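Asks: File coords_15.cif below, mmCIF, C-alpha atoms:
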data_run
#
loop_
_atom_site.label_atom_id
_atom_site.label_comp_id
_atom_site.auth_asym_id
_atom_site.auth_seq_id
_atom_site.Cartn_x
_atom_site.Cartn_y
_atom_site.Cartn_z
CA MET A 113 122.74 113.07 146.38
CA LYS A 114 124.81 111.46 149.11
CA LEU A 115 125.35 107.77 149.77
CA TYR A 116 126.36 106.82 153.30
CA ILE A 117 128.39 103.61 153.26
CA TYR A 118 131.04 101.35 154.73
CA ASP A 119 133.68 100.53 152.13
CA HIS A 120 133.86 96.83 153.08
CA CYS A 121 130.08 96.35 152.98
CA PRO A 122 128.77 94.31 150.01
CA TYR A 123 125.30 95.84 150.39
CA CYS A 124 126.87 99.27 150.06
CA VAL A 125 128.67 98.08 146.92
CA LYS A 126 125.29 97.13 145.43
CA ALA A 127 124.07 100.70 145.88
CA ARG A 128 127.32 102.15 144.54
CA MET A 129 127.17 99.99 141.41
CA ILE A 130 124.08 101.58 139.90
CA PHE A 131 125.59 105.06 140.05
CA GLY A 132 128.69 103.84 138.23
CA LEU A 133 126.72 101.87 135.65
CA LYS A 134 124.62 104.94 134.85
CA ASN A 135 127.58 107.32 135.22
CA LEU A 136 125.69 109.42 137.75
CA PRO A 137 127.51 111.64 140.25
CA ILE A 138 127.21 110.63 143.90
CA GLU A 139 128.92 111.92 147.03
CA LEU A 140 130.15 108.95 149.05
CA VAL A 141 130.22 109.42 152.82
CA VAL A 142 132.09 106.67 154.70
CA MET A 143 130.77 106.41 158.25
CA LEU A 144 132.92 105.19 161.12
CA ASN A 145 131.79 101.70 162.01
CA ASP A 146 130.93 102.65 165.59
CA ASP A 147 129.05 105.82 164.54
CA GLU A 148 125.48 105.06 165.55
CA ASP A 149 124.34 108.68 165.67
CA THR A 150 124.58 109.43 161.94
CA PRO A 151 122.44 106.56 160.61
CA LYS A 152 119.95 106.94 163.48
CA ARG A 153 119.62 110.63 162.66
CA LEU A 154 119.00 109.84 159.01
CA ILE A 155 116.68 106.82 159.19
CA GLY A 156 116.26 105.89 162.84
CA GLN A 157 118.53 102.84 162.95
CA LYS A 158 122.14 101.79 162.40
CA ILE A 159 122.19 100.43 158.88
CA ALA A 160 124.03 101.00 155.62
CA PRO A 161 123.79 101.98 152.85
CA ILE A 162 121.63 105.09 153.15
CA LEU A 163 120.79 107.30 150.17
CA GLN A 164 120.11 110.95 150.94
CA LYS A 165 118.15 112.35 148.03
CA GLU A 166 118.37 115.88 146.71
CA ASP A 167 115.28 116.87 148.71
CA GLY A 168 116.98 115.71 151.91
CA SER A 169 114.84 112.62 152.42
CA CYS A 170 116.62 109.34 153.06
CA MET A 171 116.24 105.80 151.76
CA PRO A 172 117.80 102.63 153.23
CA GLU A 173 118.01 99.10 151.76
CA SER A 174 120.45 98.48 148.94
CA MET A 175 118.09 97.02 146.34
CA ASP A 176 115.48 99.72 146.97
CA ILE A 177 118.21 102.27 146.26
CA VAL A 178 119.30 100.38 143.14
CA ARG A 179 115.78 100.27 141.71
CA TYR A 180 115.07 103.90 142.59
CA VAL A 181 118.23 105.17 140.90
CA ASP A 182 117.90 102.84 137.90
CA LYS A 183 114.46 104.25 137.09
CA LEU A 184 115.22 107.93 137.71
CA ASP A 185 115.80 108.74 134.04
CA GLY A 186 113.08 106.43 132.72
CA GLU A 187 115.67 104.25 131.01
CA PRO A 188 116.48 101.35 133.38
CA LEU A 189 119.61 99.32 132.73
CA LEU A 190 118.81 96.23 134.79
CA THR A 191 116.38 94.70 132.33
CA GLY A 192 117.93 91.25 131.82
CA LYS A 193 116.53 87.97 133.07
CA THR A 194 117.99 86.37 136.18
CA ASN A 195 119.41 82.85 136.30
CA PRO A 196 118.38 80.62 139.24
CA ALA A 197 121.77 78.92 139.02
CA ILE A 198 123.45 82.21 140.02
CA SER A 199 121.17 82.51 143.05
CA ASP A 200 121.95 78.91 144.00
CA TRP A 201 125.68 79.54 143.67
CA LEU A 202 125.50 82.65 145.83
CA ARG A 203 123.38 80.88 148.45
CA ASN A 204 125.96 78.11 148.73
CA VAL A 205 128.95 80.46 148.98
CA ASN A 206 127.22 82.84 151.39
CA SER A 207 126.69 79.92 153.78
CA TYR A 208 130.40 79.96 154.67
CA ILE A 209 132.24 82.89 153.08
CA ASN A 210 132.00 85.34 156.01
CA LYS A 211 134.19 82.98 158.05
CA LEU A 212 136.93 83.73 155.54
CA LEU A 213 136.15 87.38 154.82
CA LEU A 214 135.26 89.04 158.12
CA PRO A 215 138.48 88.26 160.05
CA ARG A 216 140.34 89.94 157.18
CA VAL A 217 137.92 92.86 157.00
CA ALA A 218 138.58 93.48 160.69
CA GLU A 219 142.31 93.89 160.00
CA ALA A 220 142.19 95.75 156.67
CA ALA A 221 142.75 99.42 155.91
CA PHE A 222 139.17 100.57 155.47
CA ALA A 223 138.12 104.16 156.18
CA GLU A 224 135.33 103.01 158.49
CA PHE A 225 138.04 101.73 160.83
CA ALA A 226 139.95 105.02 161.01
CA THR A 227 139.83 104.87 164.82
CA LEU A 228 140.79 102.01 167.14
CA GLU A 229 137.32 102.23 168.68
CA ALA A 230 135.58 101.74 165.34
CA ARG A 231 137.68 98.69 164.51
CA ALA A 232 137.15 97.18 167.96
CA TRP A 233 133.38 97.78 167.68
CA PHE A 234 133.23 95.86 164.40
CA LYS A 235 135.30 92.95 165.69
CA LYS A 236 133.25 92.61 168.87
CA LYS A 237 129.92 92.65 167.01
CA LYS A 238 130.96 90.18 164.34
CA GLU A 239 132.73 87.76 166.67
CA ALA A 240 129.57 87.62 168.78
CA SER A 241 127.69 86.09 165.84
CA LEU A 242 130.44 84.34 163.87
CA GLY A 243 132.96 83.15 166.46
CA ASP A 244 136.51 84.01 167.48
CA PHE A 245 138.41 85.47 164.54
CA ASN A 246 141.70 83.88 165.57
CA GLU A 247 140.11 80.44 165.49
CA LEU A 248 138.45 81.13 162.14
CA THR A 249 141.77 82.25 160.67
CA GLN A 250 143.23 78.82 161.46
CA HIS A 251 140.76 77.31 158.98
CA ALA A 252 141.41 79.89 156.26
CA ASP A 253 143.43 77.59 153.98
CA GLY A 254 140.56 75.14 153.72
CA LEU A 255 138.09 77.92 153.00
CA ILE A 256 140.36 79.41 150.33
CA LYS A 257 140.48 76.01 148.64
CA LYS A 258 136.71 75.69 148.92
CA ILE A 259 135.94 79.08 147.37
CA SER A 260 138.50 78.50 144.64
CA ASN A 261 136.67 75.27 143.73
CA ASP A 262 133.30 77.02 143.83
CA LEU A 263 134.63 79.73 141.53
CA GLN A 264 135.33 77.00 138.98
CA ASP A 265 131.60 76.22 139.01
CA LEU A 266 130.75 79.91 138.62
CA ASP A 267 133.05 80.17 135.62
CA LYS A 268 130.72 77.89 133.67
CA LEU A 269 127.75 80.20 134.33
CA ILE A 270 129.24 83.46 133.06
CA VAL A 271 127.86 84.37 129.64
CA LYS A 272 129.63 87.69 129.02
CA PRO A 273 132.26 89.73 130.89
CA ASN A 274 130.00 92.80 130.98
CA ALA A 275 126.88 90.98 132.27
CA VAL A 276 126.83 87.55 133.88
CA ASN A 277 123.74 86.43 131.95
CA GLY A 278 124.47 88.41 128.78
CA GLU A 279 122.35 91.44 129.73
CA LEU A 280 122.62 93.49 132.94
CA SER A 281 120.29 92.18 135.64
CA ASP A 282 119.84 91.92 139.40
CA ASP A 283 122.23 88.93 139.27
CA ASP A 284 125.09 91.32 138.49
CA ILE A 285 124.16 93.52 141.44
CA HIS A 286 124.24 90.49 143.75
CA LEU A 287 127.30 88.74 142.29
CA PHE A 288 129.90 91.46 141.83
CA PRO A 289 129.98 92.63 145.49
CA LEU A 290 130.96 89.12 146.60
CA LEU A 291 133.68 88.86 143.97
CA ARG A 292 134.94 92.28 144.99
CA SER A 293 135.05 91.24 148.65
CA LEU A 294 137.05 88.14 147.71
CA THR A 295 139.83 90.33 146.31
CA LEU A 296 140.66 91.13 149.95
CA VAL A 297 141.74 87.48 150.39
CA ALA A 298 145.23 86.62 149.18
CA GLY A 299 145.62 83.19 147.60
CA VAL A 300 142.19 82.72 145.99
CA SER A 301 142.40 81.18 142.49
CA TYR A 302 140.18 82.73 139.82
CA PRO A 303 139.24 81.01 136.56
CA SER A 304 139.65 83.22 133.50
CA ARG A 305 136.00 84.11 132.89
CA VAL A 306 135.40 84.94 136.55
CA ALA A 307 138.47 87.19 136.65
CA GLU A 308 137.50 88.92 133.39
CA TYR A 309 133.94 89.46 134.58
CA ARG A 310 135.11 90.77 137.98
CA ASP A 311 137.57 93.22 136.44
CA ASN A 312 135.12 94.36 133.79
CA MET A 313 132.37 94.99 136.33
CA ALA A 314 134.77 96.99 138.50
CA LYS A 315 135.40 99.29 135.52
CA GLN A 316 131.74 99.52 134.53
CA THR A 317 130.54 100.30 138.04
CA GLN A 318 133.53 102.49 139.00
CA VAL A 319 133.88 100.47 142.24
CA ASN A 320 137.49 99.70 143.15
CA LEU A 321 138.67 96.17 143.87
CA LEU A 322 140.50 95.42 147.12
CA SER A 323 143.58 93.69 145.73
CA SER A 324 145.88 96.50 146.89
CA ILE A 325 145.01 95.80 150.54
CA ALA A 326 144.65 92.00 150.30
CA ILE A 327 145.55 89.95 153.35
#
Please rewrite the model in this file as structure tokens.
Replies:
Amino acid sequence: MKLYIYDHCPYCVKARMIFGLKNLPIELVVMLNDDEDTPKRLIGQKIAPILQKEDGSCMPESMDIVRYVDKLDGEPLLTGKTNPAISDWLRNVNSYINKLLLPRVAEAAFAEFATLEARAWFKKKKEASLGDFNELTQHADGLIKKISNDLQDLDKLIVKPNAVNGELSDDDIHLFPLLRSLTLVAGVSYPSRVAEYRDNMAKQTQVNLLSSIAI
């Protein structure tokens, strides 16, 4: 099977996680960010991730991919209960976090930006919806302080380092990609349980953190 992704994309991380958790082989194909032809050829629209199954058919939508792969062997891993407090935390953070993340994504060394055109395409599209990246960067210190405070609240919700609620669930699939994205931001403060959970999930899912290219 092949998984077409962008490395920076949290939805793509969701799809990648289930393969790592189940230790299943997957060929990762990183598309250039301005490559519209490949996803349109596969599923008719520019979207990621895209799973190409062994029979050649393709499936979009990260959680559809997660559920499909989790049930392939008849022994699903994501059987734990979800915690509404995790959803509430994510909803709050997602209301502002892209203003901190996306200006950094646009400058970082991701494979989907291997050409100047691909990087420019991303920046133009995201600035159109989020605002000028230079202006957003001027407010970064305040946003770093805000997310650091919110991570203190998350710390109280983490039950175990290998599963946020004690048993693997959809909450882990939604939470880890955000924590992974945050490792691109230099200066964020992580409470101990959040850091342990983040690092443990990176190992379990075989999805690298972004600390080495943090900005």
Asks: Under the rule that only C-alpha atoms are counted, which of A:Lys257, A:Leu140, A:Asn145, A:Pro303 is the nearest residue to Glu224 in chain A?
Replies: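 Checking each candidate against Glu224 in chain A, we get A:Asn145 as the closest.
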Asks: Which residue gives the smallest distance to Ile117 in chain A among A:Pro161, A:Gly156, A:Pro273, A:Gly132, with all atoms listed in the file counted?
Replies: A:Pro161
Asks: Provide an axis-aligned box for all listed atoms of range 116-119 of chain A, padding each side by 4 Å; report its centre and its edge lengths in Å to one decimal, as JSON.
Replies:
{"center_x": 130.0, "center_y": 103.7, "center_z": 153.4, "size_x": 15.3, "size_y": 14.3, "size_z": 10.6}
Asks: What does the PyMOL selection byres ((chain A and resi 127) around 8) select in this file, as an mmCIF file with C-alpha atoms, in the frame of the given file?
Replies:
data_model
loop_
_atom_site.group_PDB
_atom_site.id
_atom_site.type_symbol
_atom_site.label_atom_id
_atom_site.label_comp_id
_atom_site.auth_asym_id
_atom_site.auth_seq_id
_atom_site.Cartn_x
_atom_site.Cartn_y
_atom_site.Cartn_z
ATOM 1 C CA TYR A 123 125.300 95.840 150.390
ATOM 2 C CA CYS A 124 126.870 99.270 150.060
ATOM 3 C CA VAL A 125 128.670 98.080 146.920
ATOM 4 C CA LYS A 126 125.290 97.130 145.430
ATOM 5 C CA ARG A 128 127.320 102.150 144.540
ATOM 6 C CA MET A 129 127.170 99.990 141.410
ATOM 7 C CA ILE A 130 124.080 101.580 139.900
ATOM 8 C CA PHE A 131 125.590 105.060 140.050
ATOM 9 C CA PRO A 161 123.790 101.980 152.850
ATOM 10 C CA SER A 174 120.450 98.480 148.940
ATOM 11 C CA MET A 175 118.090 97.020 146.340
ATOM 12 C CA ILE A 177 118.210 102.270 146.260
ATOM 13 C CA VAL A 178 119.300 100.380 143.140
#
Asks: Between CA of Tyr118 in chain A and CA of Arg310 in chain A, what is the distance, to one decimal in Å?
Replies: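 Spanning CA of Tyr118 in chain A to CA of Arg310 in chain A is a straight-line distance of 20.2 Å.
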Asks: So, with only C-alpha atoms as the atoms that count, which of A:Lys315, A:Leu136, A:Pro289, A:Tyr309 lies closest to Pro122 in chain A?
Replies: A:Pro289
Asks: Between A:Ile325, A:Leu266, A:Ala275, A:Ala223, which one has atoms that come closest to Asn204 in chain A, using only C-alpha atoms?
Replies: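 Closest residue, counting only C-alpha atoms: A:Leu266.
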Asks: May I have the residues within 8 Å of Ser281 in chain A as a list in words, using all atoms listed in the file and disregarding those fewer than 2 positions away in the same chain?
Replies: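 Surrounding residues, per the criterion: Leu189, Leu190, Thr191, Gly192, Lys193, Thr194, Ala275, Asn277, Glu279, Asp283, Asp284 and Ile285 of chain A.
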Asks: For range 192-223 of chain A, supply N, CA and C atoms and format the output as a short mmCIF file (atom, residue, chain, number, x, y, z; two decimals), in the coordinates of the input.
Replies:
data_model
loop_
_atom_site.label_atom_id
_atom_site.label_comp_id
_atom_site.auth_asym_id
_atom_site.auth_seq_id
_atom_site.Cartn_x
_atom_site.Cartn_y
_atom_site.Cartn_z
N GLY A 192 117.70 92.65 132.20
CA GLY A 192 117.93 91.25 131.82
C GLY A 192 117.26 90.26 132.76
N LYS A 193 117.10 89.05 132.27
CA LYS A 193 116.53 87.97 133.07
C LYS A 193 117.58 87.46 134.06
N THR A 194 117.10 86.98 135.20
CA THR A 194 117.99 86.37 136.18
C THR A 194 118.09 84.87 135.93
N ASN A 195 119.15 84.28 136.46
CA ASN A 195 119.41 82.85 136.30
C ASN A 195 119.38 82.19 137.67
N PRO A 196 118.44 81.27 137.93
CA PRO A 196 118.38 80.62 139.24
C PRO A 196 119.69 79.96 139.66
N ALA A 197 120.49 79.56 138.69
CA ALA A 197 121.77 78.92 139.02
C ALA A 197 122.73 79.90 139.70
N ILE A 198 122.64 81.19 139.35
CA ILE A 198 123.45 82.21 140.02
C ILE A 198 123.00 82.38 141.46
N SER A 199 121.70 82.41 141.68
CA SER A 199 121.17 82.51 143.05
C SER A 199 121.59 81.31 143.89
N ASP A 200 121.54 80.12 143.29
CA ASP A 200 121.95 78.91 144.00
C ASP A 200 123.43 78.97 144.36
N TRP A 201 124.24 79.44 143.42
CA TRP A 201 125.68 79.54 143.67
C TRP A 201 125.96 80.51 144.82
N LEU A 202 125.30 81.65 144.77
CA LEU A 202 125.50 82.65 145.83
C LEU A 202 125.02 82.14 147.18
N ARG A 203 123.91 81.42 147.19
CA ARG A 203 123.38 80.88 148.45
C ARG A 203 124.38 79.90 149.07
N ASN A 204 124.96 79.06 148.24
CA ASN A 204 125.96 78.11 148.73
C ASN A 204 127.19 78.83 149.30
N VAL A 205 127.73 79.77 148.55
CA VAL A 205 128.95 80.46 148.98
C VAL A 205 128.68 81.32 150.22
N ASN A 206 127.54 81.98 150.24
CA ASN A 206 127.22 82.84 151.39
C ASN A 206 127.02 82.06 152.68
N SER A 207 126.86 80.74 152.58
CA SER A 207 126.69 79.92 153.78
C SER A 207 127.99 79.80 154.58
N TYR A 208 129.13 80.13 153.94
CA TYR A 208 130.40 79.96 154.67
C TYR A 208 131.39 81.11 154.48
N ILE A 209 131.18 81.98 153.49
CA ILE A 209 132.24 82.89 153.08
C ILE A 209 132.61 83.93 154.13
N ASN A 210 131.67 84.33 154.99
CA ASN A 210 132.00 85.34 156.01
C ASN A 210 133.05 84.84 156.99
N LYS A 211 133.16 83.53 157.15
CA LYS A 211 134.19 82.98 158.05
C LYS A 211 135.58 83.24 157.48
N LEU A 212 135.66 83.39 156.18
CA LEU A 212 136.93 83.73 155.54
C LEU A 212 137.11 85.24 155.44
N LEU A 213 136.04 85.95 155.10
CA LEU A 213 136.15 87.38 154.82
C LEU A 213 136.26 88.26 156.07
N LEU A 214 135.38 88.06 157.04
CA LEU A 214 135.26 89.04 158.12
C LEU A 214 136.50 89.16 159.00
N PRO A 215 137.24 88.06 159.31
CA PRO A 215 138.48 88.26 160.05
C PRO A 215 139.47 89.15 159.30
N ARG A 216 139.47 89.09 157.97
CA ARG A 216 140.34 89.94 157.18
C ARG A 216 139.82 91.37 157.12
N VAL A 217 138.52 91.52 156.98
CA VAL A 217 137.92 92.86 157.00
C VAL A 217 138.32 93.59 158.28
N ALA A 218 138.29 92.87 159.39
CA ALA A 218 138.58 93.48 160.69
C ALA A 218 140.01 93.99 160.81
N GLU A 219 140.90 93.49 159.95
CA GLU A 219 142.31 93.89 160.00
C GLU A 219 142.69 94.85 158.87
N ALA A 220 141.82 95.03 157.89
CA ALA A 220 142.19 95.75 156.67
C ALA A 220 142.07 97.26 156.82
N ALA A 221 142.66 97.95 155.86
CA ALA A 221 142.75 99.42 155.91
C ALA A 221 141.53 100.07 155.27
N PHE A 222 140.40 99.93 155.93
CA PHE A 222 139.17 100.57 155.47
C PHE A 222 138.94 101.87 156.24
N ALA A 223 138.34 102.85 155.56
CA ALA A 223 138.12 104.16 156.18
C ALA A 223 137.18 104.10 157.37
#
